>>> print(open('coords-v7.cif').read())   # mmCIF, C-alpha atoms
data_protein
loop_
_atom_site.label_atom_id
_atom_site.label_comp_id
_atom_site.auth_asym_id
_atom_site.auth_seq_id
_atom_site.Cartn_x
_atom_site.Cartn_y
_atom_site.Cartn_z
CA MET A 131 88.32 133.04 88.87
CA LYS A 132 89.64 129.77 87.42
CA ARG A 133 88.10 130.50 84.02
CA LEU A 134 89.48 134.06 83.94
CA PHE A 135 92.91 132.79 84.96
CA ASP A 136 92.80 130.10 82.26
CA PHE A 137 91.78 132.58 79.58
CA PHE A 138 94.35 135.27 80.30
CA VAL A 139 97.24 132.82 80.84
CA ALA A 140 96.39 130.98 77.61
CA LEU A 141 96.05 134.25 75.69
CA THR A 142 99.39 135.49 77.00
CA ALA A 143 101.06 132.16 76.25
CA VAL A 144 99.78 132.12 72.66
CA ALA A 145 101.05 135.68 72.12
CA VAL A 146 104.47 135.03 73.64
CA LEU A 147 104.93 131.63 71.99
CA SER A 148 103.61 132.61 68.55
CA PRO A 149 107.11 132.57 66.94
CA LEU A 150 107.70 129.04 68.31
CA LEU A 151 104.24 127.91 67.18
CA MET A 152 104.95 129.22 63.67
CA LEU A 153 108.38 127.54 63.58
CA ILE A 154 106.94 124.17 64.62
CA ALA A 155 104.21 124.48 61.97
CA ILE A 156 106.82 125.16 59.29
CA LEU A 157 109.00 122.22 60.40
CA ILE A 158 106.02 119.85 60.30
CA LYS A 159 105.22 120.93 56.75
CA LEU A 160 108.83 120.60 55.67
CA GLU A 161 109.00 117.05 57.02
CA ASP A 162 105.66 115.95 55.54
CA HIS A 163 103.90 118.48 53.32
CA ARG A 164 101.05 116.08 52.54
CA GLY A 165 99.48 116.06 55.98
CA PRO A 166 97.92 118.76 58.17
CA VAL A 167 99.95 120.71 60.69
CA VAL A 168 97.38 120.33 63.45
CA TYR A 169 95.77 117.08 64.55
CA ARG A 170 92.10 117.42 65.54
CA GLY A 171 91.20 114.44 67.68
CA LEU A 172 87.72 113.82 69.03
CA ARG A 173 87.65 113.77 72.84
CA VAL A 174 85.02 113.80 75.57
CA GLY A 175 84.79 116.99 77.61
CA ARG A 176 82.85 118.35 80.54
CA PHE A 177 79.46 116.70 81.14
CA GLY A 178 80.27 114.19 78.39
CA LYS A 179 80.19 116.75 75.59
CA PRO A 180 82.51 115.83 72.67
CA PHE A 181 84.99 118.37 71.33
CA ARG A 182 87.96 118.56 68.98
CA LEU A 183 91.33 118.48 70.73
CA TYR A 184 94.06 120.43 68.92
CA LYS A 185 97.64 119.16 68.83
CA PHE A 186 100.59 119.59 66.53
CA ARG A 187 100.66 116.48 64.35
CA SER A 188 103.45 114.21 65.58
CA MET A 189 102.47 111.04 63.72
CA VAL A 190 102.03 109.93 60.15
CA VAL A 191 98.85 110.76 58.25
CA ASN A 192 95.90 108.51 59.16
CA ALA A 193 97.72 107.18 62.23
CA GLU A 194 94.40 106.44 63.94
CA ARG A 195 93.52 103.96 61.20
CA ILE A 196 96.88 102.20 61.48
CA GLY A 197 97.08 101.66 65.24
CA GLY A 198 95.33 102.11 68.58
CA PRO A 199 94.77 105.19 70.77
CA SER A 200 97.78 104.58 73.05
CA THR A 201 101.28 105.42 71.85
CA SER A 202 104.63 104.10 73.05
CA ASP A 203 107.95 105.84 72.44
CA ASP A 204 108.88 103.20 69.86
CA ASP A 205 105.60 103.48 67.93
CA PRO A 206 106.53 103.46 64.20
CA ARG A 207 103.72 105.94 63.50
CA ILE A 208 105.63 108.75 65.22
CA THR A 209 107.55 111.01 62.83
CA ARG A 210 111.16 112.01 63.41
CA LEU A 211 110.14 115.54 64.41
CA GLY A 212 107.24 114.10 66.36
CA LYS A 213 109.61 112.31 68.73
CA THR A 214 111.06 115.65 69.85
CA LEU A 215 107.68 117.36 70.02
CA ARG A 216 106.24 114.60 72.19
CA LYS A 217 109.30 114.36 74.44
CA TYR A 218 109.01 117.99 75.49
CA LYS A 219 105.19 118.15 75.21
CA LEU A 220 105.48 120.76 72.44
CA ASP A 221 102.82 118.89 70.47
CA GLU A 222 100.30 119.93 73.13
CA LEU A 223 100.80 123.69 72.72
CA PRO A 224 97.76 124.09 70.39
CA GLU A 225 95.61 122.93 73.30
CA LEU A 226 95.93 126.53 74.48
CA ILE A 227 93.31 127.26 71.80
CA ASN A 228 91.02 124.71 73.47
CA VAL A 229 91.52 126.62 76.72
CA LEU A 230 90.69 129.95 75.07
CA VAL A 231 87.40 128.70 73.62
CA GLY A 232 86.43 127.01 76.90
CA ASP A 233 86.65 123.33 75.96
CA MET A 234 89.56 122.79 78.32
CA SER A 235 91.28 124.26 81.35
CA LEU A 236 94.98 124.65 82.06
CA VAL A 237 94.59 122.12 84.88
CA GLY A 238 92.21 119.19 84.92
CA PRO A 239 91.99 115.47 84.11
CA ARG A 240 93.29 114.71 80.64
CA PRO A 241 90.46 114.21 78.10
CA GLU A 242 89.80 110.69 76.87
CA VAL A 243 88.39 109.16 73.71
CA GLN A 244 84.78 107.98 73.80
CA SER A 245 85.72 104.28 73.97
CA GLU A 246 87.56 104.87 77.26
CA VAL A 247 84.78 107.03 78.75
CA ASP A 248 82.29 104.28 77.95
CA LEU A 249 84.19 102.08 80.42
CA TYR A 250 83.85 104.54 83.31
CA THR A 251 82.10 103.38 86.46
CA ASP A 252 79.59 105.71 88.14
CA GLU A 253 82.36 106.96 90.43
CA GLU A 254 84.78 107.50 87.54
CA ARG A 255 82.20 109.59 85.69
CA LEU A 256 82.91 112.29 88.29
CA LEU A 257 85.91 113.09 86.07
CA LEU A 258 83.43 114.60 83.62
CA ALA A 259 82.21 117.11 86.21
CA VAL A 260 85.11 119.47 85.41
CA ARG A 261 86.72 120.74 82.24
CA PRO A 262 89.53 118.46 81.06
CA GLY A 263 92.97 120.02 81.32
CA ILE A 264 96.33 120.30 79.66
CA THR A 265 98.00 118.96 82.80
CA ASP A 266 97.09 117.38 86.12
CA TYR A 267 98.56 115.11 88.79
CA ALA A 268 98.54 112.15 86.39
CA SER A 269 100.36 114.13 83.70
CA ILE A 270 103.19 114.61 86.19
CA GLU A 271 103.21 111.11 87.63
CA PHE A 272 103.04 109.48 84.19
CA HIS A 273 105.05 112.09 82.29
CA ASP A 274 107.03 109.21 80.74
CA GLU A 275 103.95 107.31 79.55
CA GLY A 276 105.54 106.53 76.19
CA GLU A 277 108.57 105.01 77.91
CA ILE A 278 106.34 102.90 80.18
CA LEU A 279 104.53 101.49 77.14
CA LYS A 280 107.72 100.98 75.13
CA GLY A 281 108.14 97.42 73.89
CA ALA A 282 104.60 96.35 74.76
CA PRO A 283 103.03 94.05 72.11
CA ASP A 284 99.72 95.87 72.63
CA PRO A 285 100.37 99.41 73.94
CA HIS A 286 96.70 100.09 74.65
CA GLU A 287 96.32 96.92 76.71
CA ALA A 288 99.46 97.92 78.60
CA TYR A 289 98.02 101.42 79.10
CA ARG A 290 94.84 100.04 80.62
CA ARG A 291 96.81 97.75 82.92
CA LEU A 292 99.77 99.93 83.95
CA ILE A 293 98.58 103.53 83.67
CA ARG A 294 94.79 103.82 83.59
CA PRO A 295 94.11 102.82 87.25
CA GLY A 296 96.59 105.34 88.67
CA LYS A 297 95.56 108.01 86.18
CA ILE A 298 91.90 107.74 87.17
CA GLU A 299 92.73 107.67 90.89
CA LEU A 300 94.78 110.87 90.58
CA GLY A 301 92.09 112.47 88.42
CA LEU A 302 89.42 111.76 91.02
CA ARG A 303 91.70 113.13 93.74
CA TYR A 304 91.95 116.38 91.79
CA VAL A 305 88.19 116.64 91.22
CA GLU A 306 87.43 116.06 94.89
CA THR A 307 90.08 118.42 96.33
CA ARG A 308 90.57 121.06 93.62
CA THR A 309 91.29 124.64 94.62
CA PHE A 310 92.96 127.56 92.89
CA SER A 311 96.11 126.95 94.91
CA THR A 312 96.05 123.29 93.80
CA ASP A 313 96.02 124.43 90.18
CA LEU A 314 99.02 126.68 90.79
CA LYS A 315 100.85 123.80 92.49
CA ILE A 316 100.18 121.46 89.56
CA LEU A 317 101.34 124.06 87.03
CA TRP A 318 104.55 124.54 89.01
CA LEU A 319 105.19 120.79 89.27
CA THR A 320 104.54 120.41 85.54
CA CYS A 321 107.13 123.06 84.70
CA ALA A 322 109.59 121.52 87.17
CA THR A 323 109.17 118.11 85.55
CA LEU A 324 109.90 119.50 82.09
CA VAL A 325 112.93 121.43 83.30
CA ARG A 326 114.35 118.29 84.93
CA THR A 327 114.95 116.88 81.44
CA ARG A 328 111.89 114.61 81.56
CA ALA A 329 113.64 112.26 83.97
CA ALA A 330 112.58 113.04 87.54
CA ARG A 331 109.21 112.43 89.13
CA PRO A 332 108.28 115.10 91.69
CA THR A 333 106.81 113.61 94.85
CA LEU A 334 103.07 114.14 94.92
#
>>> encode(input="coords-v7.cif", output="structure tokens")
Amino acid sequence: MKRLFDFFVALTAVAVLSPLLMLIAILIKLEDHRGPVVYRGLRVGRFGKPFRLYKFRSMVVNAERIGGPSTSDDDPRITRLGKTLRKYKLDELPELINVLVGDMSLVGPRPEVQSEVDLYTDEERLLLAVRPGITDYASIEFHDEGEILKGAPDPHEAYRRLIRPGKIELGLRYVETRTFSTDLKILWLTCATLVRTRAARPTL
């Protein structure tokens, strides 16, 4: 039921949002015609299988070669348009394609790069038992991740110290207690967080 729900919601969302998706693609090209519209980052999925994560490009070309995997709000690699896309999570809309093809779910632990997965303990590897998702408890609790990392000399070190422990704890909570009603609750809380101008943290 979860997979059918994911597929039909993602398909409907892509159809309804297609004008917005096209507009964002055009704006990205107008701002920087040299780079691609969509970023294809390598992530680790269910059972440790790697896949390409699709996002609207919100950073300069070759950003991965310039800096680390964690990004603060004041990261100079972020483009002017990218700041808006990231603030309202519009850069993540292409992940609906990942949901359609089965690499991701609407709800599940956020996918990580291989270097982070390599650090997982045996318990933390339970996160790989489910499809990664567009949103989860941690996405709500740390919706202002870029603001938390802002000003840090090493954003990735700050991520591992300030965000990673709570993110993994919430991810494991989801894996161990997931139900269809839990997914609906998380989707509702995600929408509520966005509507509240990215400022409030719903109580989990």
>>> residues_around(input="coords-v7.cif", residues="Arg182 of chain A", least_positions_apart="3", cutoff="7 Å", atoms="only C-alpha atoms", output="PyMOL selection string")
chain A and resi 170-173
>>> closest_atom_pairs(input="coords-v7.cif", of="segment 133-182 of chain A", to="segment 248-263 of chain A", cutoff="8 Å", atoms="all atoms listed in the file", output="tab-separated table")
residue	atom	partner	partner_atom	distance
A:Gly175	CA	A:Pro262	CA	6.0
A:Arg176	CA	A:Arg261	CA	4.9
A:Phe177	CA	A:Leu258	CA	5.1
A:Gly178	CA	A:Leu258	CA	6.1
>>> residues_around(input="coords-v7.cif", residues="Lys219 of chain A", least_positions_apart="4", cutoff="10 Å", atoms="all atoms listed in the file", output="list in words")
Lys185, Phe186, Gly212, Lys213, Thr214, Leu215, Leu223, His273, Leu324 and Arg328 of chain A
>>> closest_residue(input="coords-v7.cif", among="A:Gly301, A:Ile158, A:Leu230, A:Thr309", to="Val139 of chain A", atoms="all atoms listed in the file")
A:Leu230
>>> residues_near_point(input="coords-v7.cif", point="(107.8, 118.0, 59.1)", cutoff="10 Å", atoms="only C-alpha atoms", output="short mmCIF file (atom, residue, chain, number, x, y, z; two decimals) with C-alpha atoms, in the coordinates of the input")
data_model
loop_
_atom_site.label_atom_id
_atom_site.label_comp_id
_atom_site.auth_asym_id
_atom_site.auth_seq_id
_atom_site.Cartn_x
_atom_site.Cartn_y
_atom_site.Cartn_z
CA ILE A 154 106.94 124.17 64.62
CA ALA A 155 104.21 124.48 61.97
CA ILE A 156 106.82 125.16 59.29
CA LEU A 157 109.00 122.22 60.40
CA ILE A 158 106.02 119.85 60.30
CA LYS A 159 105.22 120.93 56.75
CA LEU A 160 108.83 120.60 55.67
CA GLU A 161 109.00 117.05 57.02
CA ASP A 162 105.66 115.95 55.54
CA HIS A 163 103.90 118.48 53.32
CA ARG A 164 101.05 116.08 52.54
CA GLY A 165 99.48 116.06 55.98
CA PRO A 166 97.92 118.76 58.17
CA VAL A 167 99.95 120.71 60.69
CA ARG A 187 100.66 116.48 64.35
CA SER A 188 103.45 114.21 65.58
CA MET A 189 102.47 111.04 63.72
CA VAL A 190 102.03 109.93 60.15
CA THR A 209 107.55 111.01 62.83
CA ARG A 210 111.16 112.01 63.41
CA LEU A 211 110.14 115.54 64.41
CA GLY A 212 107.24 114.10 66.36
#
>>> residues_around(input="coords-v7.cif", residues="Leu141 of chain A", least_positions_apart="3", cutoff="10 Å", atoms="only C-alpha atoms", output="number ranges by chain")
A: 135-138, 144-147, 226-227, 229-230
>>> closest_residue(input="coords-v7.cif", among="A:Val174, A:Ile196, A:Ile278, A:Leu153", to="Gln244 of chain A", atoms="only C-alpha atoms")
A:Val174
